Amino acid sequence: LLSHLRRALNIQSHFESIKTQNAFFQASLEQTRLPILIASGDGRISYVSRLADTFLSHRTEIKMVANSIISCDTFNRKLIYAIRLACGLNGPKIASGLRVGVDDNTALHLLITPLPINHQCCYQIQQNMALIVIQDLSFTMLPKKILLKQMYGMTLAEARVTVDLTKG
């Protein structure tokens with residue numbers, strides 16, 4: 001009986017650590033300032049950041065129904081094709097990007113890139129997934145040194161030197 005209780009407590013402890021780790025990763029993803037989605041090759045969305053959910057509720061470019069991207073127009077068909085390429089369903093995994101809109105005030109940039117197969121939680125079926133990052137061109141981008149400061153915890157002086165070094 002004692003060994004069974006020990007095993008049950010170990011299993012419970014393991015699940016608690018998974019929940020804690022999942023909450024940490026979820027909070028980390030929510031800290032990003034870009035709307036992001038994670039989708040499978042068939043167009044099913046497995047993750048939508050709160051920012052992406054809010055952003056897409058005001059836009060019509062990406063249509064989602066029941067956690068899936070539906071292909072009702074030319075752009076959605078291009079998006080689904082780009083997701084399939086990133087997931088490797090048509091050969092090797094290929095990252096790509098799309099631009100939606102004709103002027104800079106309403107245009108969106110979408111970056112679709114493959115995710116490693118082992119990024120998923122242990123309870124999910126192993127399948128290829130794609131990360132979709134949405135950038136609204138009407139919002140001003142952060143200066144590079146501010147972005148470096150936020151991403152890597154650099155001081156502004158360190159970030160300025162880093163930017164200068166990348167410029168040569």
# chains A, B, ... in the order shown; residues from 1 in each chain; ligands from 1

$ select_by_dssp --residues "range 12-156 of chain A" --states "helix (DSSP H, G or I)" --output "number ranges by chain"
A: 12-30, 50-57, 74-87, 117-119, 144-152, 156

$ select_by_dssp --residues "range 2-160 of chain A" --states "strand (DSSP E or B)" --output "number ranges by chain"
A: 36-40, 44-48, 64-65, 68-69, 96-100, 108-115, 129-136

$ residues_around --residues "Asn67 in chain A" --least-positions-apart "2" --cutoff "7 Å" --atoms "only C-alpha atoms" --output "list in words"
Arg44, Ile45, Met64, Val65 and Ile69 of chain A

$ closest_residue --among "A:Ser40, A:Gln12, A:Thr20, A:Thr162" --to "Lys149 in chain A" --atoms "only C-alpha atoms"
A:Thr162

$ closest_residue --among "A:Leu147, A:Leu79, A:Leu137, A:Ile94" --to "Ala39 in chain A" --atoms "only C-alpha atoms"
A:Leu79
